[in-house]
Structure formats: structure tokens, C-alpha cells
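Data block for protein_37.cif (mmCIF, C-alpha atoms):
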```cif
data_final
loop_
_atom_site.label_atom_id
_atom_site.label_comp_id
_atom_site.auth_asym_id
_atom_site.auth_seq_id
_atom_site.Cartn_x
_atom_site.Cartn_y
_atom_site.Cartn_z
CA MET R 1 15.91 -19.92 14.83
CA SER R 2 16.10 -16.16 14.47
CA THR R 3 14.10 -14.10 12.01
CA ASN R 4 15.77 -11.88 9.48
CA GLY R 5 13.63 -8.79 9.99
CA THR R 6 15.06 -6.89 7.05
CA ARG R 7 14.14 -9.76 4.76
CA LEU R 8 10.62 -9.76 6.24
CA PHE R 9 10.32 -6.00 5.68
CA ARG R 10 11.53 -6.31 2.09
CA SER R 11 9.10 -9.22 1.51
CA ALA R 12 6.21 -7.05 2.72
CA VAL R 13 7.28 -4.27 0.35
CA LEU R 14 7.58 -6.73 -2.53
CA ALA R 15 4.13 -8.22 -1.78
CA GLU R 16 2.57 -4.75 -1.87
CA ILE R 17 4.35 -3.93 -5.13
CA ALA R 18 3.01 -7.17 -6.63
CA ALA R 19 -0.57 -6.53 -5.46
CA ASN R 20 -0.51 -2.99 -6.83
CA THR R 21 0.98 -4.16 -10.12
CA LEU R 22 -1.76 -6.75 -10.55
CA SER R 23 -4.50 -4.12 -10.19
CA LEU R 24 -2.92 -1.58 -12.54
CA PRO R 25 -3.87 -3.08 -15.93
CA LEU R 26 -7.56 -3.14 -15.01
CA MET R 27 -7.50 0.35 -13.53
CA LEU R 28 -5.62 1.93 -16.42
CA LEU R 29 -6.72 -0.06 -19.46
CA TYR R 30 -10.12 -1.51 -18.49
CA PRO R 31 -11.59 0.85 -15.88
CA ASP R 32 -15.16 -0.28 -16.59
CA ARG R 33 -14.25 -3.88 -15.65
CA TYR R 34 -12.50 -2.64 -12.52
CA LEU R 35 -15.50 -0.52 -11.51
CA ARG R 36 -17.89 -3.48 -11.86
CA LEU R 37 -16.18 -4.97 -8.83
CA PHE R 38 -17.24 -2.01 -6.68
CA VAL R 39 -20.39 -0.29 -7.96
CA GLN R 40 -23.87 -1.37 -6.91
CA ASN R 41 -25.43 -0.52 -10.24
CA PRO R 42 -23.62 -0.81 -13.62
CA SER R 43 -25.41 2.36 -14.75
CA HIS R 44 -23.09 4.24 -12.38
CA ILE R 45 -20.21 3.43 -14.71
CA ASN R 46 -19.87 6.39 -17.04
CA PRO R 47 -17.05 8.29 -18.75
CA VAL R 48 -16.36 10.35 -15.61
CA SER R 49 -16.11 7.35 -13.28
CA LYS R 50 -13.86 5.59 -15.81
CA ALA R 51 -11.60 8.65 -16.07
CA VAL R 52 -11.36 9.00 -12.28
CA THR R 53 -10.53 5.29 -12.01
CA GLN R 54 -7.67 5.82 -14.45
CA TRP R 55 -6.45 8.78 -12.37
CA LEU R 56 -6.51 6.55 -9.29
CA GLY R 57 -4.57 3.97 -11.28
CA GLY R 58 -1.94 6.64 -11.92
CA LEU R 59 -1.76 7.28 -8.17
CA VAL R 60 -1.41 3.55 -7.48
CA LEU R 61 1.45 3.49 -9.99
CA LEU R 62 3.08 6.42 -8.18
CA ILE R 63 2.72 4.65 -4.82
CA THR R 64 4.17 1.49 -6.36
CA LEU R 65 7.22 3.43 -7.56
CA GLN R 66 7.67 4.90 -4.08
CA LEU R 67 7.60 1.39 -2.64
CA ALA R 68 10.10 0.17 -5.22
CA PHE R 69 12.55 2.79 -3.94
CA CYS R 70 12.13 1.27 -0.46
CA TYR R 71 13.08 -2.21 -1.60
CA PRO R 72 16.91 -2.02 -1.97
CA ASN R 73 18.91 -3.52 0.87
CA PRO R 74 20.43 -0.77 3.07
CA ARG R 75 23.59 -2.78 3.72
CA PRO R 76 26.65 -1.52 1.85
CA SER R 77 28.13 -5.01 2.15
CA GLN R 78 25.30 -6.26 -0.09
CA GLY R 79 25.59 -3.50 -2.66
CA GLY R 80 23.05 -1.23 -0.98
CA THR R 81 23.22 2.19 0.58
CA ARG R 82 22.12 3.52 3.96
CA ASP R 83 20.37 6.39 2.13
CA VAL R 84 17.31 4.14 1.70
CA VAL R 85 16.51 4.09 5.45
CA PRO R 86 15.13 7.65 5.85
CA TYR R 87 13.28 7.24 2.56
CA ARG R 88 11.63 4.08 3.92
CA ARG R 89 10.48 5.92 7.03
CA LEU R 90 9.09 8.88 5.09
CA THR R 91 7.33 6.63 2.60
CA TYR R 92 5.77 4.47 5.31
CA LEU R 93 4.67 7.50 7.34
CA THR R 94 3.02 9.28 4.42
CA LEU R 95 1.41 6.18 2.91
CA GLY R 96 0.17 5.07 6.34
CA ALA R 97 -1.40 8.46 6.97
CA GLY R 98 -3.08 8.35 3.55
CA GLU R 99 -4.40 4.85 4.21
CA LEU R 100 -5.90 5.92 7.52
CA ILE R 101 -7.56 8.94 5.90
CA LEU R 102 -8.92 6.89 2.99
CA SER R 103 -10.16 4.09 5.25
CA THR R 104 -12.01 6.70 7.34
CA ILE R 105 -13.65 8.10 4.21
CA LEU R 106 -14.68 4.60 3.10
CA GLY R 107 -16.05 3.88 6.57
CA VAL R 108 -18.15 7.05 6.55
CA GLN R 109 -19.44 6.20 3.07
CA TYR R 110 -20.39 2.75 4.33
CA LEU R 111 -22.29 4.24 7.27
CA LEU R 112 -24.10 6.79 5.11
CA GLY R 113 -24.91 4.22 2.43
CA THR R 114 -25.18 6.81 -0.32
CA SER R 115 -21.95 6.33 -2.29
CA GLY R 116 -23.31 3.93 -4.92
CA LEU R 117 -20.55 1.48 -4.02
CA LYS R 118 -21.17 -2.05 -2.80
CA PRO R 119 -21.23 -2.12 1.02
CA ASN R 120 -18.95 -5.18 1.09
CA ALA R 121 -16.47 -3.39 -1.17
CA LEU R 122 -16.39 -0.43 1.21
CA LEU R 123 -15.86 -2.69 4.22
CA ALA R 124 -13.16 -4.64 2.38
CA GLY R 125 -11.45 -1.34 1.59
CA VAL R 126 -11.59 -0.26 5.24
CA GLY R 127 -10.18 -3.60 6.37
CA THR R 128 -7.45 -3.76 3.75
CA LEU R 129 -6.27 -0.17 4.17
CA SER R 130 -6.41 -0.36 7.98
CA GLY R 131 -4.48 -3.63 7.91
CA ILE R 132 -1.79 -2.19 5.65
CA ALA R 133 -1.55 0.91 7.86
CA GLY R 134 -1.18 -1.38 10.88
CA VAL R 135 1.67 -3.26 9.24
CA ARG R 136 3.35 0.06 8.43
CA ALA R 137 2.96 1.18 12.06
CA TRP R 138 4.40 -2.12 13.26
CA PHE R 139 7.51 -1.68 11.13
CA LEU R 140 7.81 2.01 12.04
CA TYR R 141 7.29 1.75 15.80
CA ALA R 142 7.53 -1.87 17.00
CA ARG R 143 10.36 -3.05 14.73
CA PRO R 144 12.12 0.00 13.26
CA SER R 145 15.43 -1.89 13.22
CA TRP R 146 13.96 -4.18 10.56
CA MET R 147 13.70 -1.21 8.21
CA GLU R 148 17.31 -0.34 8.95
CA ALA R 149 18.93 -3.80 8.78
CA GLN R 150 20.25 -3.31 12.31
CA GLU R 151 18.97 -6.34 14.20
CA ASN R 152 21.40 -8.75 12.54
CA ALA R 153 24.30 -6.40 13.16
CA ARG R 154 23.38 -6.43 16.88
CA LYS R 155 23.15 -10.23 16.91
CA ALA R 156 26.61 -10.51 15.36
CA LYS R 157 28.21 -8.56 18.22
#
```
What is this file in C-alpha cells?
Amino acid sequence: MSTNGTRLFRSAVLAEIAANTLSLPLMLLYPDRYLRLFVQNPSHINPVSKAVTQWLGGLVLLITLQLAFCYPNPRPSQGGTRDVVPYRRLTYLTLGAGELILSTILGVQYLLGTSGLKPNALLAGVGTLSGIAGVRAWFLYARPSWMEAQENARKAK
């Protein structure tokens, strides 16, 4: 049985949209509750940390919108447009680069141990962001046809 790579790609995008959407209410509306998951000491939660958490929530919302633009099917026969393919590549390249940069920062903070964040939270961030960047690299370099809906067209020939 063959795998529909485009469907797998779109499922990965949809899963990331869902995960981001689940975190947004806490980040934007209840930043103190969100911060409790990550800070070592509740006294580190102050108006500045809450405001920065809300800013980060705004960035997560922006990233989620970028991913939503990657979701449409690129096949004209299914009501889509091929214009989505270069947008998918650009989005995955830029988000992947950002995830690698952020995971490096989190890793350094873990090693220094002076960030005020829980060590396990920092390690979880490194693992999650590195894993997501790895999935992006896999779609970009190992299976680029899955982003383009080309593998099924080749099978049909």
C-alpha cells in the first residue's frame, strides 16, 4: 500500500496548527498560568514576564497563520493552486531556521543554569523545537515532492 505523501504533509501542518492553537489562550489570556509551567520560582512571574509571554503568544499566532496558508492542497483538480508550493518551502525554511536558533538559545540557557526556567522545560523545548526542525528538513530535503503533490502524479504515469 502506497503512502499519500501530500496528505501526510498536510496532516503534519494541521497537527502543528492544532498544537499552537491549544497554547494560545493561555499565552494571550492567562500568561501567569502559562509561565507557571516553565519558571522555577513563582516570584519570577511579574508584569514584564506576563507581557513578554503575551508578545510571544502573538508570534505563535503569526506562525500559526503562516502554517494555515501552507495547508491548502496544491492540486488544481482539487480546488487548489500551485502557488502554495513556493510558500510552503519559504515557510518551512524560515520556521526551521528559527527553531534551530531558539533551540540553541534554550540549550545554552540550560547549560548555564541561570535563566530562572525549569531545566526540564528548557530540555523539553530543545527536544521539541529540534524535532519539529527535523521534520521540516525531512519534508524539504528528503521528501520535497510531498510538499508539491508530485509523487502521486508520478505513480499515475
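Closest to Trp138 of chain R among R:Leu37, R:Leu117, R:Ile63, R:Gly96 is R:Gly96, based on all atoms listed in the file.
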Resolved residues for the PyMOL selection byres ((chain R and resi 92) around 9) as JSON, numbers by chain: {"R": [67, 87, 88, 89, 90, 91, 93, 94, 95, 96, 97, 133, 136, 137, 139, 140]}
Determine the nearest neighbour of Leu62 of chain R from the options R:Arg36, R:Leu102, R:Gly134, R:Leu24, counting all atoms listed in the file.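 Among the listed residues, the smallest separation from Leu62 of chain R belongs to R:Leu24.
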Please provide the set of residues having any atom within 10 Å of Gly127 of chain R, restricted to only C-alpha atoms, with same-chain residues fewer than 4 positions apart removed, written as a PyMOL selection string. chain R and resi 103+106-107+121-123+131-133
Please produce an output containing C-alpha atoms for each residue in the selection, written as a PDB file, in the frame of the given file.
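part-v2.pdb, written as the output of this step:
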```
ATOM      1  CA  SER R 103     -10.160   4.090   5.250  1.00  0.00           C
ATOM      2  CA  LEU R 106     -14.680   4.600   3.100  1.00  0.00           C
ATOM      3  CA  GLY R 107     -16.050   3.880   6.570  1.00  0.00           C
ATOM      4  CA  ALA R 121     -16.470  -3.390  -1.170  1.00  0.00           C
ATOM      5  CA  LEU R 122     -16.390  -0.430   1.210  1.00  0.00           C
ATOM      6  CA  LEU R 123     -15.860  -2.690   4.220  1.00  0.00           C
ATOM      7  CA  GLY R 131      -4.480  -3.630   7.910  1.00  0.00           C
ATOM      8  CA  ILE R 132      -1.790  -2.190   5.650  1.00  0.00           C
ATOM      9  CA  ALA R 133      -1.550   0.910   7.860  1.00  0.00           C
TER      10      ALA R 133
END
```
Record the distance separating atom CA of Ala51 of chain R and atom CA of Leu35 of chain R, expressed in Å with one decimal.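 Separation of atom CA of Ala51 of chain R and atom CA of Leu35 of chain R: 11.0 Å.
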Which residue, R:Ala68, R:Ile105, R:Val126, R:Ala149, has the smallest gap to Leu14 of chain R when you use only C-alpha atoms?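 The answer is R:Ala68, which sits nearest to Leu14 of chain R.
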Taking all atoms listed in the file into account, which of R:Ile17, R:Met147, R:Arg7, R:Leu112 comes nearest Thr64 of chain R?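 For Thr64 of chain R, the nearest of the candidates is R:Ile17.
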Find the distance between atom CA of Val108 of chain R and atom CA of Ala18 of chain R and write it in Å to one decimal.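 Between atom CA of Val108 of chain R and atom CA of Ala18 of chain R the gap works out to 28.7 Å.
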What does the distance between atom CA of Leu59 of chain R and atom CA of Tyr141 of chain R come to in Å, to one decimal place?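 For atom CA of Leu59 of chain R relative to atom CA of Tyr141 of chain R, the distance reads 26.2 Å.
Picked out by the PyMOL selection byres ((chain R and resi 27) around 9) when it runs on this file: Ser23, Leu24, Pro25, Leu26, Leu28, Leu29, Tyr30, Pro31, Asp32, Arg33, Tyr34, Leu35, Lys50, Thr53, Gln54, Trp55, Leu56, Gly57 and Gly58 of chain R.
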Could you tell me, as a VMD selection string, exactly which residues end up selected when the PyMOL selection byres ((chain R and resi 10) around 9) is applied to this structure? chain R and resid 5 to 9 11 to 15 70 to 73 147
List every protein, DNA or RNA residue with an atom no more than 12 Å from (-24.0, 2.9, -5.5) in the file's coordinates, counting all atoms listed in the file, and format the result as a list in words. Leu35, Arg36, Leu37, Phe38, Val39, Gln40, Asn41, Pro42, Ser43, His44, Ile45, Ser49, Gln109, Tyr110, Leu112, Gly113, Thr114, Ser115, Gly116, Leu117, Lys118, Pro119, Asn120, Ala121 and Leu122 of chain R
When distances are computed from only C-alpha atoms, which of R:Pro47, R:Glu16, R:Thr21, R:Arg82 shows the smallest separation from Val135 of chain R? R:Glu16
What does segment 12-133 of chain R look like written to a file with C-alpha atoms, as an mmCIF file, in the first residue's frame?
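Saved result, out27.cif, follows:
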```
data_model
loop_
_atom_site.group_PDB
_atom_site.id
_atom_site.type_symbol
_atom_site.label_atom_id
_atom_site.label_comp_id
_atom_site.auth_asym_id
_atom_site.auth_seq_id
_atom_site.Cartn_x
_atom_site.Cartn_y
_atom_site.Cartn_z
ATOM 1 C CA ALA R 12 1.737 17.462 9.920
ATOM 2 C CA VAL R 13 0.797 21.078 9.177
ATOM 3 C CA LEU R 14 -2.652 20.573 10.686
ATOM 4 C CA ALA R 15 -1.184 18.948 13.825
ATOM 5 C CA GLU R 16 1.136 21.911 14.325
ATOM 6 C CA ILE R 17 -1.725 24.369 13.816
ATOM 7 C CA ALA R 18 -3.753 22.477 16.434
ATOM 8 C CA ALA R 19 -0.897 22.399 18.965
ATOM 9 C CA ASN R 20 -0.253 26.118 18.526
ATOM 10 C CA THR R 21 -3.955 26.918 18.801
ATOM 11 C CA LEU R 22 -4.214 24.996 22.069
ATOM 12 C CA SER R 23 -1.404 27.030 23.651
ATOM 13 C CA LEU R 24 -2.678 30.429 22.519
ATOM 14 C CA PRO R 25 -5.463 31.020 25.075
ATOM 15 C CA LEU R 26 -3.070 30.501 27.986
ATOM 16 C CA MET R 27 -0.334 32.617 26.442
ATOM 17 C CA LEU R 28 -2.604 35.504 25.490
ATOM 18 C CA LEU R 29 -5.301 35.497 28.181
ATOM 19 C CA TYR R 30 -3.667 33.775 31.180
ATOM 20 C CA PRO R 31 0.094 34.350 30.835
ATOM 21 C CA ASP R 32 0.703 33.815 34.555
ATOM 22 C CA ARG R 33 -0.743 30.278 34.332
ATOM 23 C CA TYR R 34 1.344 29.601 31.234
ATOM 24 C CA LEU R 35 4.511 30.849 32.930
ATOM 25 C CA ARG R 36 3.969 28.580 35.951
ATOM 26 C CA LEU R 37 4.704 25.663 33.650
ATOM 27 C CA PHE R 38 8.205 26.984 32.967
ATOM 28 C CA VAL R 39 9.562 29.143 35.796
ATOM 29 C CA GLN R 40 11.466 27.700 38.738
ATOM 30 C CA ASN R 41 10.131 30.231 41.199
ATOM 31 C CA PRO R 42 6.636 31.813 41.002
ATOM 32 C CA SER R 43 8.159 35.101 42.189
ATOM 33 C CA HIS R 44 9.720 35.376 38.719
ATOM 34 C CA ILE R 45 6.245 35.940 37.309
ATOM 35 C CA ASN R 46 5.771 39.689 37.144
ATOM 36 C CA PRO R 47 4.080 42.197 34.825
ATOM 37 C CA VAL R 48 7.065 42.207 32.446
ATOM 38 C CA SER R 49 7.250 38.424 32.104
ATOM 39 C CA LYS R 50 3.474 38.304 31.561
ATOM 40 C CA ALA R 51 3.671 40.997 28.869
ATOM 41 C CA VAL R 52 6.539 39.216 27.083
ATOM 42 C CA THR R 53 4.577 35.954 27.218
ATOM 43 C CA GLN R 54 1.669 37.710 25.512
ATOM 44 C CA TRP R 55 4.056 39.047 22.852
ATOM 45 C CA LEU R 56 5.304 35.507 22.277
ATOM 46 C CA GLY R 57 1.682 34.411 22.025
ATOM 47 C CA GLY R 58 1.249 36.975 19.256
ATOM 48 C CA LEU R 59 4.245 35.472 17.456
ATOM 49 C CA VAL R 60 2.814 31.963 17.862
ATOM 50 C CA LEU R 61 -0.427 33.256 16.338
ATOM 51 C CA LEU R 62 1.546 34.716 13.423
ATOM 52 C CA ILE R 63 3.366 31.410 12.886
ATOM 53 C CA THR R 64 0.036 29.580 13.034
ATOM 54 C CA LEU R 65 -1.368 31.839 10.314
ATOM 55 C CA GLN R 66 1.701 31.173 8.160
ATOM 56 C CA LEU R 67 1.136 27.445 8.583
ATOM 57 C CA ALA R 68 -2.545 27.814 7.707
ATOM 58 C CA PHE R 69 -1.502 29.290 4.356
ATOM 59 C CA CYS R 70 0.559 26.126 3.765
ATOM 60 C CA TYR R 71 -2.399 23.824 4.279
ATOM 61 C CA PRO R 72 -4.379 24.152 1.001
ATOM 62 C CA ASN R 73 -3.937 21.331 -1.485
ATOM 63 C CA PRO R 74 -1.709 22.428 -4.399
ATOM 64 C CA ARG R 75 -3.673 20.365 -6.915
ATOM 65 C CA PRO R 76 -5.898 22.419 -9.214
ATOM 66 C CA SER R 77 -8.046 19.316 -9.724
ATOM 67 C CA GLN R 78 -8.960 19.508 -6.025
ATOM 68 C CA GLY R 79 -9.693 23.225 -5.995
ATOM 69 C CA GLY R 80 -6.161 24.230 -5.010
ATOM 70 C CA THR R 81 -3.457 26.252 -6.665
ATOM 71 C CA ARG R 82 0.209 25.531 -7.372
ATOM 72 C CA ASP R 83 1.042 28.941 -5.856
ATOM 73 C CA VAL R 84 1.089 27.320 -2.406
ATOM 74 C CA VAL R 85 4.223 25.241 -3.151
ATOM 75 C CA PRO R 86 6.865 28.016 -3.018
ATOM 76 C CA TYR R 87 5.106 29.474 0.002
ATOM 77 C CA ARG R 88 5.382 26.102 1.753
ATOM 78 C CA ARG R 89 9.101 25.958 1.069
ATOM 79 C CA LEU R 90 9.741 29.507 2.280
ATOM 80 C CA THR R 91 7.640 28.990 5.397
ATOM 81 C CA TYR R 92 9.356 25.714 6.280
ATOM 82 C CA LEU R 93 12.830 27.157 5.662
ATOM 83 C CA THR R 94 12.287 30.252 7.789
ATOM 84 C CA LEU R 95 10.443 28.489 10.613
ATOM 85 C CA GLY R 96 13.044 25.703 10.654
ATOM 86 C CA ALA R 97 15.873 28.217 10.912
ATOM 87 C CA GLY R 98 14.078 29.994 13.758
ATOM 88 C CA GLU R 99 13.515 26.708 15.583
ATOM 89 C CA LEU R 100 17.187 25.816 15.330
ATOM 90 C CA ILE R 101 18.206 29.249 16.634
ATOM 91 C CA LEU R 102 15.714 29.117 19.504
ATOM 92 C CA SER R 103 16.637 25.546 20.452
ATOM 93 C CA THR R 104 20.300 26.615 20.580
ATOM 94 C CA ILE R 105 19.416 29.505 22.890
ATOM 95 C CA LEU R 106 17.411 27.185 25.143
ATOM 96 C CA GLY R 107 20.294 24.701 25.189
ATOM 97 C CA VAL R 108 22.776 27.383 26.219
ATOM 98 C CA GLN R 109 20.392 28.574 28.936
ATOM 99 C CA TYR R 110 20.132 25.002 30.190
ATOM 100 C CA LEU R 111 23.922 24.664 30.323
ATOM 101 C CA LEU R 112 24.383 27.996 32.093
ATOM 102 C CA GLY R 113 21.558 27.302 34.537
ATOM 103 C CA THR R 114 20.875 30.979 35.175
ATOM 104 C CA SER R 115 17.665 31.617 33.215
ATOM 105 C CA GLY R 116 15.210 31.049 36.070
ATOM 106 C CA LEU R 117 13.405 28.486 33.933
ATOM 107 C CA LYS R 118 12.921 24.863 34.928
ATOM 108 C CA PRO R 119 15.746 22.723 33.499
ATOM 109 C CA ASN R 120 13.269 20.107 32.265
ATOM 110 C CA ALA R 121 11.271 22.820 30.493
ATOM 111 C CA LEU R 122 14.420 24.007 28.710
ATOM 112 C CA LEU R 123 15.323 20.463 27.663
ATOM 113 C CA ALA R 124 11.748 19.814 26.510
ATOM 114 C CA GLY R 125 11.940 22.997 24.447
ATOM 115 C CA VAL R 126 15.224 21.920 22.863
ATOM 116 C CA GLY R 127 13.808 18.487 22.048
ATOM 117 C CA THR R 128 10.504 19.762 20.708
ATOM 118 C CA LEU R 129 11.971 22.530 18.563
ATOM 119 C CA SER R 130 14.772 20.302 17.247
ATOM 120 C CA GLY R 131 12.251 17.587 16.426
ATOM 121 C CA ILE R 132 9.997 19.999 14.559
ATOM 122 C CA ALA R 133 13.000 21.399 12.672
#
```
